[in-house]
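Enquirer: Structure file upload-v5.txt (compact mmCIF, C-alpha atoms) right here:
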# COMPACT_ATOMS: atom_id res chain seq x y z
CA MET A 21 -9.39 -26.20 46.88
CA TRP A 22 -7.27 -23.08 46.25
CA ASP A 23 -6.50 -24.29 42.74
CA ASN A 24 -10.27 -24.57 42.06
CA TYR A 25 -10.83 -20.93 43.05
CA LEU A 26 -7.82 -19.90 40.97
CA LEU A 27 -9.24 -21.80 38.00
CA TYR A 28 -12.66 -20.14 38.45
CA MET A 29 -11.05 -16.70 38.55
CA VAL A 30 -8.97 -17.37 35.47
CA PHE A 31 -12.01 -18.80 33.70
CA ILE A 32 -14.00 -15.63 34.49
CA GLY A 33 -11.07 -13.69 33.04
CA GLN A 34 -11.18 -15.77 29.87
CA ILE A 35 -14.93 -15.18 29.51
CA ILE A 36 -14.61 -11.43 30.03
CA VAL A 37 -11.52 -10.89 27.88
CA LEU A 38 -12.47 -13.04 24.90
CA SER A 39 -16.26 -12.74 24.84
CA PHE A 40 -16.77 -9.23 26.21
CA TYR A 41 -13.69 -6.99 26.19
CA PHE A 42 -12.18 -7.97 22.83
CA PRO A 43 -15.49 -8.07 20.82
CA ARG A 44 -16.52 -4.72 22.34
CA LYS A 45 -13.21 -3.20 21.31
CA ILE A 46 -13.57 -4.56 17.77
CA LEU A 47 -17.14 -3.28 17.47
CA GLY A 48 -16.04 0.08 18.91
CA VAL A 49 -13.32 0.40 16.28
CA ILE A 50 -15.71 -0.49 13.43
CA ASN A 51 -18.46 1.85 14.67
CA THR A 52 -16.04 4.75 15.22
CA SER A 53 -14.57 4.16 11.78
CA MET A 54 -18.06 4.25 10.22
CA GLN A 55 -18.97 7.46 12.10
CA GLN A 56 -15.72 9.21 11.14
CA HIS A 57 -15.87 8.06 7.50
CA PRO A 58 -19.47 8.50 6.30
CA ARG A 59 -20.85 6.89 3.18
CA ASP A 60 -21.26 10.11 1.18
CA VAL A 61 -17.55 11.01 1.52
CA TYR A 62 -16.08 7.47 1.47
CA PRO A 63 -18.42 5.51 -0.85
CA LYS A 64 -15.82 2.81 -1.66
CA LEU A 65 -15.81 1.79 1.99
CA TYR A 66 -19.51 0.88 1.86
CA LEU A 67 -20.08 -2.04 -0.47
CA LEU A 68 -23.24 -3.05 1.37
CA GLU A 69 -26.08 -1.01 2.82
CA GLU A 70 -25.23 0.44 6.23
CA LYS A 71 -28.27 -1.39 7.58
CA VAL A 72 -26.85 -4.72 6.40
CA ILE A 73 -23.41 -3.97 7.87
CA LYS A 74 -24.94 -3.01 11.23
CA GLY A 75 -27.08 -6.16 11.13
CA LYS A 76 -23.97 -8.33 10.73
CA LEU A 77 -22.26 -6.48 13.59
CA ASN A 78 -25.34 -7.02 15.77
CA LEU A 79 -25.21 -10.73 14.98
CA PHE A 80 -21.56 -10.78 16.03
CA ASN A 81 -22.58 -9.09 19.28
CA ILE A 82 -25.40 -11.60 19.89
CA TYR A 83 -23.06 -14.58 19.23
CA ASN A 84 -20.59 -13.23 21.78
CA SER A 85 -23.33 -12.62 24.35
CA LEU A 86 -24.53 -16.22 23.89
CA VAL A 87 -21.01 -17.60 24.35
CA MET A 88 -20.56 -15.42 27.43
CA MET A 89 -23.80 -16.78 28.89
CA ILE A 90 -22.69 -20.37 28.21
CA GLY A 91 -19.38 -19.61 29.96
CA LEU A 92 -21.10 -18.07 32.97
CA THR A 93 -23.48 -21.07 33.15
CA ILE A 94 -20.50 -23.49 33.15
CA LEU A 95 -18.95 -21.47 35.95
CA ALA A 96 -22.18 -21.28 37.97
CA VAL A 97 -22.82 -25.04 37.67
CA SER A 98 -19.24 -25.78 38.74
CA ILE A 99 -19.44 -23.45 41.77
CA ILE A 100 -22.90 -24.72 42.86
CA ASN A 101 -21.84 -28.38 42.58
CA ASN A 102 -18.49 -27.52 44.17
CA SER A 103 -16.87 -29.94 41.72
CA ASP A 104 -13.11 -30.33 41.40
CA ASP A 105 -13.35 -30.08 37.62
CA LEU A 106 -15.37 -27.60 35.54
CA ILE A 107 -18.93 -29.03 35.15
CA GLY A 108 -17.52 -32.35 36.37
CA TRP A 109 -15.48 -32.88 33.16
CA ASP A 110 -11.75 -32.65 32.54
CA ASP A 111 -10.72 -28.99 33.04
CA GLN A 112 -8.42 -28.94 30.02
CA SER A 113 -11.14 -30.27 27.70
CA VAL A 114 -13.70 -27.76 28.99
CA LEU A 115 -11.25 -24.85 28.61
CA LEU A 116 -10.28 -25.95 25.10
CA CYS A 117 -13.88 -26.53 23.97
CA PHE A 118 -14.96 -23.21 25.43
CA LEU A 119 -12.03 -21.45 23.78
CA MET A 120 -13.08 -22.89 20.42
CA LEU A 121 -16.62 -21.72 21.10
CA GLN A 122 -15.29 -18.25 21.92
CA HIS A 123 -13.54 -18.13 18.56
CA LEU A 124 -16.72 -18.90 16.58
CA PRO A 125 -17.97 -15.27 16.55
CA LEU A 126 -14.50 -14.11 15.48
CA LEU A 127 -14.58 -16.73 12.75
CA TYR A 128 -17.95 -15.33 11.65
CA LEU A 129 -16.52 -11.79 11.56
CA GLY A 130 -13.46 -13.08 9.68
CA THR A 131 -15.53 -14.79 6.97
CA GLN A 132 -17.61 -11.62 6.59
CA GLY A 133 -14.35 -9.68 6.19
CA VAL A 134 -13.17 -12.08 3.47
CA TYR A 135 -16.53 -11.73 1.69
CA TYR A 136 -16.29 -7.92 1.96
CA LEU A 137 -12.79 -7.89 0.44
CA LYS A 138 -14.01 -10.16 -2.36
CA LEU A 139 -16.78 -7.63 -3.10
CA MET A 140 -14.18 -4.86 -3.04
CA ARG A 141 -12.06 -6.69 -5.63
CA GLU A 142 -15.10 -7.35 -7.83
CA GLN A 143 -16.19 -3.71 -7.73
CA ASN A 144 -12.71 -2.33 -8.27
CA THR A 145 -12.69 -0.72 -11.72
CA ARG A 146 -9.19 0.74 -11.60
CA GLU A 147 -7.27 -0.15 -14.76
CA GLN A 148 -3.94 0.90 -13.31
CA ARG A 149 -2.25 -1.52 -10.92
CA ILE A 150 0.75 -0.46 -8.91
CA ALA A 151 3.40 -2.48 -7.07
CA ASP A 152 6.71 -1.91 -5.35
CA LEU A 153 9.75 -2.85 -7.42
CA LYS A 154 11.53 -4.00 -4.27
CA PRO A 155 11.62 -7.51 -2.80
CA ARG A 156 9.86 -7.99 0.53
CA LYS A 157 12.01 -9.76 3.10
CA LEU A 158 11.05 -11.15 6.48
CA PHE A 159 13.52 -8.90 8.30
CA ASP A 160 11.87 -5.79 6.83
CA PHE A 161 8.93 -6.57 9.11
CA VAL A 162 10.37 -8.21 12.22
CA SER A 163 13.64 -7.85 14.06
CA MET A 164 16.34 -10.50 14.18
CA PRO A 165 16.06 -10.97 18.01
CA PHE A 166 12.35 -11.75 17.62
CA ILE A 167 13.06 -14.49 15.08
CA CYS A 168 15.91 -15.78 17.24
CA THR A 169 13.52 -15.97 20.22
CA ALA A 170 11.15 -18.13 18.14
CA VAL A 171 14.01 -20.44 17.12
CA PHE A 172 15.32 -20.55 20.70
CA SER A 173 11.88 -21.38 22.16
CA TYR A 174 11.51 -24.18 19.58
CA GLY A 175 14.92 -25.54 20.62
CA LEU A 176 13.97 -25.26 24.28
CA CYS A 177 10.70 -27.11 23.68
CA VAL A 178 12.43 -29.91 21.74
CA ALA A 179 15.12 -30.17 24.44
CA THR A 180 12.39 -30.47 27.13
CA ILE A 181 10.63 -33.20 25.13
CA LEU A 182 13.92 -35.07 24.62
CA TYR A 183 14.62 -34.83 28.37
CA PHE A 184 11.24 -36.40 29.14
CA VAL A 185 11.88 -39.11 26.55
CA GLN A 186 14.81 -40.10 28.80
CA TYR A 187 12.82 -39.65 32.04
CA PRO A 188 9.16 -40.18 31.06
CA PHE A 189 6.21 -39.56 33.37
CA ASP A 190 2.77 -41.13 33.33
CA GLY A 191 0.78 -39.94 30.29
CA PHE A 192 3.76 -38.53 28.37
CA ALA A 193 3.14 -38.87 24.61
CA GLY A 194 6.82 -39.09 23.68
CA LEU A 195 8.37 -37.91 20.42
CA VAL A 196 4.92 -37.16 18.93
CA ASN A 197 5.22 -33.85 20.82
CA ILE A 198 8.18 -32.89 18.60
CA LEU A 199 6.13 -33.72 15.53
CA GLY A 200 3.29 -31.55 16.85
CA VAL A 201 5.43 -28.49 17.61
CA THR A 202 7.29 -28.88 14.29
CA ALA A 203 4.02 -29.10 12.36
CA LEU A 204 2.82 -25.96 14.16
CA TYR A 205 6.01 -24.07 13.26
CA ALA A 206 5.76 -25.28 9.64
CA GLY A 207 2.11 -24.15 9.45
CA LEU A 208 2.90 -20.73 10.91
CA GLY A 209 5.91 -20.44 8.60
CA PHE A 210 3.67 -21.12 5.62
CA ALA A 211 1.18 -18.50 6.86
CA ILE A 212 4.05 -15.97 7.10
CA TYR A 213 5.15 -16.84 3.56
CA ILE A 214 1.61 -16.31 2.24
CA LYS A 215 1.33 -12.99 4.07
CA LEU A 216 4.68 -11.83 2.63
CA TYR A 217 4.27 -12.94 -0.98
CA GLY A 218 0.58 -13.79 -1.35
CA LYS A 219 -2.17 -11.91 -3.15
CA LYS A 220 -3.20 -8.42 -2.15
CA HIS A 221 -6.72 -8.87 -0.82
CA ASN A 222 -7.72 -5.21 -0.54
CA PRO A 223 -7.17 -3.65 -3.99
CA LEU A 224 -7.47 -0.11 -2.61
CA GLN A 225 -5.08 -0.48 0.32
CA THR A 226 -2.01 1.79 0.19
CA GLY A 227 1.47 0.30 0.23
CA GLN A 228 2.12 1.81 3.67
CA ASP A 229 -1.06 0.28 5.13
CA ARG A 230 -0.26 -3.07 3.60
CA SER A 231 3.25 -2.97 5.02
CA PHE A 232 1.86 -2.10 8.48
CA GLU A 233 -0.72 -4.90 8.30
CA THR A 234 1.94 -7.39 7.19
CA THR A 235 4.14 -6.38 10.16
CA ILE A 236 1.28 -6.91 12.62
CA VAL A 237 0.21 -10.27 11.21
CA ILE A 238 3.77 -11.64 11.05
CA LYS A 239 4.50 -10.46 14.60
CA ILE A 240 1.34 -12.18 15.86
CA LEU A 241 2.20 -15.41 14.00
CA ILE A 242 5.74 -15.47 15.41
CA LEU A 243 4.43 -14.69 18.88
CA THR A 244 1.97 -17.59 18.51
CA ALA A 245 4.91 -19.88 17.71
CA ILE A 246 6.90 -18.65 20.73
CA CYS A 247 3.92 -18.90 23.12
CA SER A 248 2.86 -22.35 21.89
CA SER A 249 6.31 -23.93 22.17
CA LEU A 250 6.93 -22.37 25.59
CA TYR A 251 3.48 -23.44 26.78
CA LEU A 252 4.12 -27.01 25.68
CA ALA A 253 7.46 -27.04 27.53
CA ILE A 254 5.89 -25.54 30.68
CA SER A 255 2.91 -27.91 30.62
CA LEU A 256 5.22 -30.93 30.28
CA ILE A 257 7.27 -29.78 33.24
CA LEU A 258 4.10 -29.16 35.30
CA ALA A 259 2.64 -32.54 34.29
CA SER A 260 5.84 -34.29 35.36
CA MET A 261 5.47 -32.58 38.77
CA ASN A 262 1.80 -33.67 39.02
CA LEU A 263 0.66 -30.06 38.65
CA ARG A 264 -1.50 -30.46 35.54
CA GLU A 265 -4.21 -28.22 37.06
CA LEU A 266 -1.77 -25.34 37.17
CA GLY A 267 -1.08 -25.95 33.48
CA ASN A 268 -4.75 -25.29 32.67
CA ILE A 269 -4.66 -22.01 34.57
CA ILE A 270 -1.48 -20.92 32.80
CA TYR A 271 -3.08 -21.88 29.47
CA SER A 272 -6.11 -19.68 30.10
CA LEU A 273 -3.95 -16.79 31.33
CA TYR A 274 -1.73 -17.17 28.29
CA ILE A 275 -4.68 -16.75 25.93
CA GLN A 276 -5.88 -13.65 27.76
CA ILE A 277 -2.46 -11.97 27.70
CA PHE A 278 -2.15 -12.89 24.05
CA VAL A 279 -5.48 -11.25 23.18
CA PHE A 280 -4.47 -8.09 25.07
CA TYR A 281 -1.22 -8.03 23.09
CA VAL A 282 -3.08 -8.49 19.80
CA TYR A 283 -5.35 -5.56 20.59
CA GLN A 284 -2.41 -3.37 21.62
CA VAL A 285 -0.52 -3.88 18.35
CA MET A 286 -3.57 -3.22 16.16
CA LYS A 287 -3.61 0.52 15.43
CA PHE A 288 -6.63 1.11 13.22
CA GLU A 289 -6.35 4.89 13.46
CA ARG A 290 -3.23 4.72 11.26
CA VAL A 291 -5.23 3.43 8.28
CA ASP A 292 -5.27 5.76 5.26
CA TYR A 293 -8.98 6.11 4.45
CA SER A 294 -8.47 8.62 1.63
CA VAL A 295 -8.31 5.72 -0.87
CA TYR A 296 -12.00 5.02 -0.19
CA LYS A 297 -13.11 8.49 -1.30
CA ALA A 298 -15.14 8.90 -4.48
CA MET B 27 10.39 2.68 -6.83
CA LYS B 28 6.93 1.74 -8.09
CA ILE B 29 5.91 -0.14 -11.19
CA SER B 30 2.47 -0.02 -12.73
CA VAL B 31 0.56 -1.78 -15.46
CA ASN B 32 -2.59 -0.74 -17.23
CA ILE B 33 -4.72 -3.80 -17.91
CA GLU B 34 -6.72 -2.00 -20.63
CA HIS B 35 -3.68 -0.69 -22.51
CA PRO B 36 -3.17 -2.10 -26.05
CA ASN B 37 0.47 -2.99 -25.22
CA PRO B 38 0.80 -6.47 -23.69
CA LEU B 39 1.41 -6.52 -19.94
CA PHE B 40 4.85 -8.13 -20.23
CA THR B 41 5.93 -5.35 -22.65
CA GLN B 42 4.75 -2.72 -20.16
CA LEU B 43 6.83 -4.38 -17.44
CA ILE B 44 9.93 -4.59 -19.65
CA GLU B 45 9.65 -0.97 -20.79
CA GLN B 46 9.24 0.32 -17.24
CA ILE B 47 12.13 -1.67 -15.82
CA LYS B 48 14.40 -0.52 -18.67
CA LYS B 49 13.27 3.08 -18.15
CA ALA B 50 13.93 2.80 -14.42
CA VAL B 51 17.46 1.58 -15.19
CA LEU B 52 18.10 4.41 -17.68
CA ASP B 53 16.73 6.99 -15.20
CA ASN B 54 18.97 5.55 -12.44
CA ASP B 55 15.92 4.71 -10.29
CA ILE B 56 17.39 1.22 -10.00
CA THR B 57 21.07 0.53 -10.41
CA GLU B 58 23.50 -2.37 -10.87
CA GLY B 59 23.10 -5.04 -8.20
CA ASP B 60 19.69 -3.86 -6.95
CA ALA B 61 17.35 -6.73 -6.11
CA LEU B 62 14.04 -7.11 -7.92
CA PRO B 63 10.93 -8.71 -6.40
CA SER B 64 10.33 -12.38 -7.05
CA ILE B 65 8.00 -13.39 -9.90
CA ARG B 66 5.38 -14.52 -7.38
CA GLN B 67 5.53 -11.29 -5.38
CA LEU B 68 5.25 -8.99 -8.39
CA ALA B 69 2.51 -11.06 -10.04
CA ASN B 70 0.46 -11.17 -6.83
CA ASP B 71 0.95 -7.45 -6.12
CA LEU B 72 -0.15 -6.49 -9.64
CA ASP B 73 -2.84 -9.19 -9.65
CA ILE B 74 -1.64 -10.58 -12.98
CA ASN B 75 -0.63 -14.07 -14.12
CA HIS B 76 2.75 -15.38 -12.90
CA LYS B 77 3.60 -16.40 -16.47
CA THR B 78 3.37 -12.78 -17.62
CA VAL B 79 5.97 -11.63 -15.10
CA ALA B 80 8.10 -14.72 -15.80
CA LYS B 81 8.06 -13.86 -19.53
CA ALA B 82 9.06 -10.25 -18.85
CA TYR B 83 11.93 -11.38 -16.58
CA ARG B 84 13.06 -13.97 -19.14
CA LEU B 85 13.22 -11.36 -21.91
CA LEU B 86 14.97 -8.86 -19.62
CA GLU B 87 17.54 -11.54 -18.76
CA ARG B 88 18.05 -12.27 -22.46
CA ASP B 89 18.62 -8.54 -23.06
CA GLY B 90 21.20 -8.43 -20.26
CA VAL B 91 19.17 -6.04 -18.11
CA ILE B 92 18.67 -8.40 -15.19
CA GLN B 93 20.33 -11.59 -14.00
CA THR B 94 18.96 -14.42 -11.92
CA LYS B 95 21.24 -15.80 -9.24
CA GLY B 96 19.52 -19.05 -8.34
CA TYR B 97 17.65 -18.95 -5.03
CA ARG B 98 19.24 -15.63 -4.08
CA GLY B 99 16.87 -13.82 -6.41
CA THR B 100 16.88 -11.53 -9.41
CA PHE B 101 19.23 -8.55 -9.66
CA ILE B 102 19.99 -5.70 -12.03
CA HIS B 103 22.80 -6.68 -14.41
CA GLN B 104 26.14 -4.86 -14.23
CA ASN B 105 25.74 -3.70 -17.86
CA ALA B 106 22.04 -3.03 -17.53
CA LYS B 107 22.27 0.63 -18.44
CA GLU B 108 24.03 0.01 -21.77
CA ASN B 109 21.83 -2.99 -22.54
CA SER B 110 18.60 -1.11 -21.73
CA SER B 111 19.25 1.36 -24.51
CA ILE B 112 19.46 -1.45 -27.07
CA ASP B 113 16.11 -2.38 -28.55
CA LEU B 114 16.45 -5.91 -29.93
CA ASN B 115 13.12 -5.73 -31.73
CA GLU B 116 14.24 -2.59 -33.52
CA TRP B 117 17.54 -4.29 -34.43
CA VAL B 118 15.73 -7.37 -35.81
CA LEU B 119 13.52 -5.13 -37.96
CA SER B 120 16.44 -3.17 -39.41
CA GLU B 121 18.45 -6.36 -40.14
CA LEU B 122 15.47 -8.00 -41.84
CA ASP B 123 14.80 -4.83 -43.82
CA LYS B 124 18.40 -4.88 -45.17
CA THR B 125 18.12 -8.58 -46.10
CA LEU B 126 14.73 -8.16 -47.76
CA THR B 127 16.01 -5.21 -49.79
CA SER B 128 18.92 -7.31 -51.12
CA PHE B 129 16.52 -10.19 -51.95
CA ARG B 130 14.21 -7.84 -53.85
CA LYS B 131 17.18 -6.49 -55.79
CA ALA B 132 18.05 -10.09 -56.74
CA GLY B 133 14.46 -10.56 -58.02
CA ILE B 134 13.25 -13.00 -55.33
CA THR B 135 9.44 -12.97 -55.08
CA GLU B 136 7.64 -12.40 -51.74
CA SER B 137 6.19 -15.91 -51.72
CA GLU B 138 9.69 -17.39 -52.24
CA MET B 139 10.94 -15.30 -49.33
CA ARG B 140 8.06 -16.45 -47.09
CA ILE B 141 8.65 -20.13 -47.95
CA ALA B 142 12.40 -19.78 -47.32
CA PHE B 143 11.81 -17.91 -44.06
CA ASN B 144 9.25 -20.47 -42.84
CA ASN B 145 11.57 -23.35 -43.75
CA LEU B 146 14.43 -21.77 -41.82
CA ILE B 147 12.25 -21.12 -38.77
CA ASN B 148 10.84 -24.65 -38.87
CA ASN B 149 14.32 -26.18 -39.26
CA SER B 150 15.69 -24.19 -36.34
CA ASN B 151 12.72 -25.28 -34.18
CA ASN B 152 13.31 -28.97 -34.97
When written as structure tokens, how does the structure in this file appear?
Expert:
Amino acid sequence: MWDNYLLYMVFIGQIIVLSFYFPRKILGVINTSMQQHPRDVYPKLYLLEEKVIKGKLNLFNIYNSLVMMIGLTILAVSIINNSDDLIGWDDQSVLLCFLMLQHLPLLYLGTQGVYYLKLMREQNTREQRIADLKPRKLFDFVSMPFICTAVFSYGLCVATILYFVQYPFDGFAGLVNILGVTALYAGLGFAIYIKLYGKKHNPLQTGQDRSFETTIVIKILILTAICSSLYLAISLILASMNLRELGNIIYSLYIQIFVFYVYQVMKFERVDYSVYKA
Amino acid sequence: MKISVNIEHPNPLFTQLIEQIKKAVLDNDITEGDALPSIRQLANDLDINHKTVAKAYRLLERDGVIQTKGYRGTFIHQNAKENSSIDLNEWVLSELDKTLTSFRKAGITESEMRIAFNNLINNSNN
């Protein structure tokens, strides 16, 4: 029973952090930025009417409120029915599906951001284009120990999988796990490569801002790799000890800590807004 | 060290890149052994075609201003400073001018010169 209560508490945390706290923080940052940088002084920042921008932000808020209500309904149904699993389904599936649902508003905001940057590129009339005559290298943005941690956690995960290949437990997928974690690392590696050498999406962004943004994104991607491989290793160990339920709780907690970290490293106040002036 | 291109300028983009890199070498803004960004990085940062940057790098390598060291990247050549002050296009023009003057003195017509020049170019391409 205790593990049910623990799961409920962690699930509440996931609802609050991902569908309330984080969206509120994002909206707060955008609203503050709009108040501090008005249209008449920073016209290049406003490619759409303020009314349209606020409408999109309201929609983002509504989406999050809906997801939060769905989450609270799942929780209420589970508590009322006193079921061992969330709404009588498999806990892991419910947590994963709900997590995907929680990401939909962020996906909406992300696509709007991409559209906004596209507009910015289309409306950019500057004939002069400037670039740094210096190669960008991964270690300019992240420290060696951080990369080593990612490599070490990959090794640890593979070693754990290989151990369970020797001593399998019921439901163990085998070497496919190595394929999965390797594919994840390859995908994140590709994303890092694109961030380092890919196109500049914001044509007005200063070199310093771009460098800062690149640092943040690469750090988050590497942290995702570390967290994912460690989570896989931990969940395999827990599953072998018949403690799968605990794995779900750790998973949810992991996501929440991760989101807190993401918010902590994002320092929007450092952005140089002078490039958006007339 | 920054590099810039003006997309509306009458000079081709690859020429602008070459001129600026040579100037940076002559002004000691970049020196022997300094690494240059990859073709992909520079093309994406300037939002221009990769082939334009590749052409500029190829011509700079021919002029002995930069050297490519396989996967390690592109670096400033050890004799870059001396080689940057040499303008190969200028040299070609002066050499051709001398040759054309001697042909004219010998009474060769312009059409004969064109035919001979075209034949030589075509033969060297085949």
Enquirer: Do you have the CA of Ser110 in chain B-CA of Val91 in chain B distance handy?
Expert: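 These two atoms are separated by 6.1 Å.
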Enquirer: Could you list, as a list in words, every residue of chain B that has an atom within 10 Å of an atom of chain A, counting all atoms listed in the file?
Expert: Met27, Lys28, Ile29, Ser30, Val31, Asn32, Ile33, Glu34, His35, Ile47, Ala50, Ile56, Asp60, Ala61, Leu62, Pro63, Ser64, Ile65, Arg66, Gln67, Leu68, Ala69, Asn70, Asp71, Leu72, Asp73, Ile74, Gly99 and Thr100 of chain B
Enquirer: Just the residues within 8 Å of range 230-235 of chain A, please, counting all atoms listed in the file, with nothing from its chain fewer than 2 positions along; format it as a VMD selection string.
Expert: chain A and resid 161 to 162 215 to 216 225 to 228 237 to 239
Enquirer: Kindly extract all protein, DNA and RNA residues lying within 7 Å of the coordinates (2.0, -18.3, 27.5) given in the file, considering all atoms listed in the file, and supply them as a PDB file with C-alpha atoms, in the frame of the given file.
Expert:
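Saved as result17.pdb:
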ATOM      1  CA  CYS A 247       3.920 -18.900  23.120  1.00  0.00           C
ATOM      2  CA  SER A 248       2.860 -22.350  21.890  1.00  0.00           C
ATOM      3  CA  LEU A 250       6.930 -22.370  25.590  1.00  0.00           C
ATOM      4  CA  TYR A 251       3.480 -23.440  26.780  1.00  0.00           C
ATOM      5  CA  ILE A 270      -1.480 -20.920  32.800  1.00  0.00           C
ATOM      6  CA  TYR A 271      -3.080 -21.880  29.470  1.00  0.00           C
ATOM      7  CA  TYR A 274      -1.730 -17.170  28.290  1.00  0.00           C
TER       8      TYR A 274
END
Enquirer: Find the residues near Val178 in chain A: any atom within 9 Å, counting all atoms listed in the file, skip ones fewer than 3 places away on the same chain, and give them as a PyMOL selection string.
Expert: chain A and resi 173-175+181-183+197-198+201+249+253
Enquirer: Quick one: residues within 10 Å of Met54 in chain A, all atoms listed in the file, excluding same-chain residues fewer than 6 positions away - as a compact mmCIF listing (two decimals) with C-alpha atoms, in the coordinates of the input?
Expert:
# COMPACT_ATOMS: atom_id res chain seq x y z
CA GLY A 48 -16.04 0.08 18.91
CA TYR A 62 -16.08 7.47 1.47
CA LEU A 65 -15.81 1.79 1.99
CA TYR A 66 -19.51 0.88 1.86
CA GLU A 70 -25.23 0.44 6.23
Enquirer: Please list as a PyMOL selection string every residue within 12 Å of Tyr296 in chain A, counting all atoms listed in the file and excluding residues in the same chain fewer than 4 positions away.
Expert: chain A and resi 57-67+140+144+222-226+291-292
Enquirer: Record the distance separating CA of Arg84 in chain B and CA of Asn149 in chain B, expressed in Å with one decimal.
Expert: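 Interatomic distance, CA of Arg84 in chain B to CA of Asn149 in chain B: 23.6 Å.
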Enquirer: I'd like the neighbourhood of range 114-121 of chain A as a compact mmCIF listing (two decimals) with C-alpha atoms, in the frame of the given file, where a residue qualifies if any of its atoms comes within 10 Å (using all atoms listed in the file), though same-chain residues fewer than 6 positions away should be ignored.
Expert:
# COMPACT_ATOMS: atom_id res chain seq x y z
CA PHE A 31 -12.01 -18.80 33.70
CA GLN A 34 -11.18 -15.77 29.87
CA ILE A 35 -14.93 -15.18 29.51
CA LEU A 38 -12.47 -13.04 24.90
CA SER A 39 -16.26 -12.74 24.84
CA TYR A 83 -23.06 -14.58 19.23
CA ASN A 84 -20.59 -13.23 21.78
CA VAL A 87 -21.01 -17.60 24.35
CA MET A 88 -20.56 -15.42 27.43
CA ILE A 90 -22.69 -20.37 28.21
CA GLY A 91 -19.38 -19.61 29.96
CA ILE A 94 -20.50 -23.49 33.15
CA ASP A 105 -13.35 -30.08 37.62
CA LEU A 106 -15.37 -27.60 35.54
CA ILE A 107 -18.93 -29.03 35.15
CA GLY A 108 -17.52 -32.35 36.37
CA LEU A 127 -14.58 -16.73 12.75
CA ASN A 268 -4.75 -25.29 32.67
CA ILE A 269 -4.66 -22.01 34.57
CA TYR A 271 -3.08 -21.88 29.47
CA SER A 272 -6.11 -19.68 30.10
CA ILE A 275 -4.68 -16.75 25.93
Enquirer: Given all atoms listed in the file as the basis, pick out the residue of A:Ile99, A:Leu252, A:Leu79, A:Ile242 nearest to Asn24 in chain A.
Expert: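 The closest residue to Asn24 in chain A is A:Ile99.
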Enquirer: Do you have the CA of Ile50 in chain A-CA of Leu86 in chain A distance handy?
Expert: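 Interatomic distance here is 20.8 Å.
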Enquirer: Could you check the closest approach to Phe184 in chain A for each of A:Ile257, A:Leu129, A:Leu124, A:Leu204 and tell me which residue wins, using all atoms listed in the file?
Expert: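 For Phe184 in chain A, the nearest of the candidates is A:Ile257.
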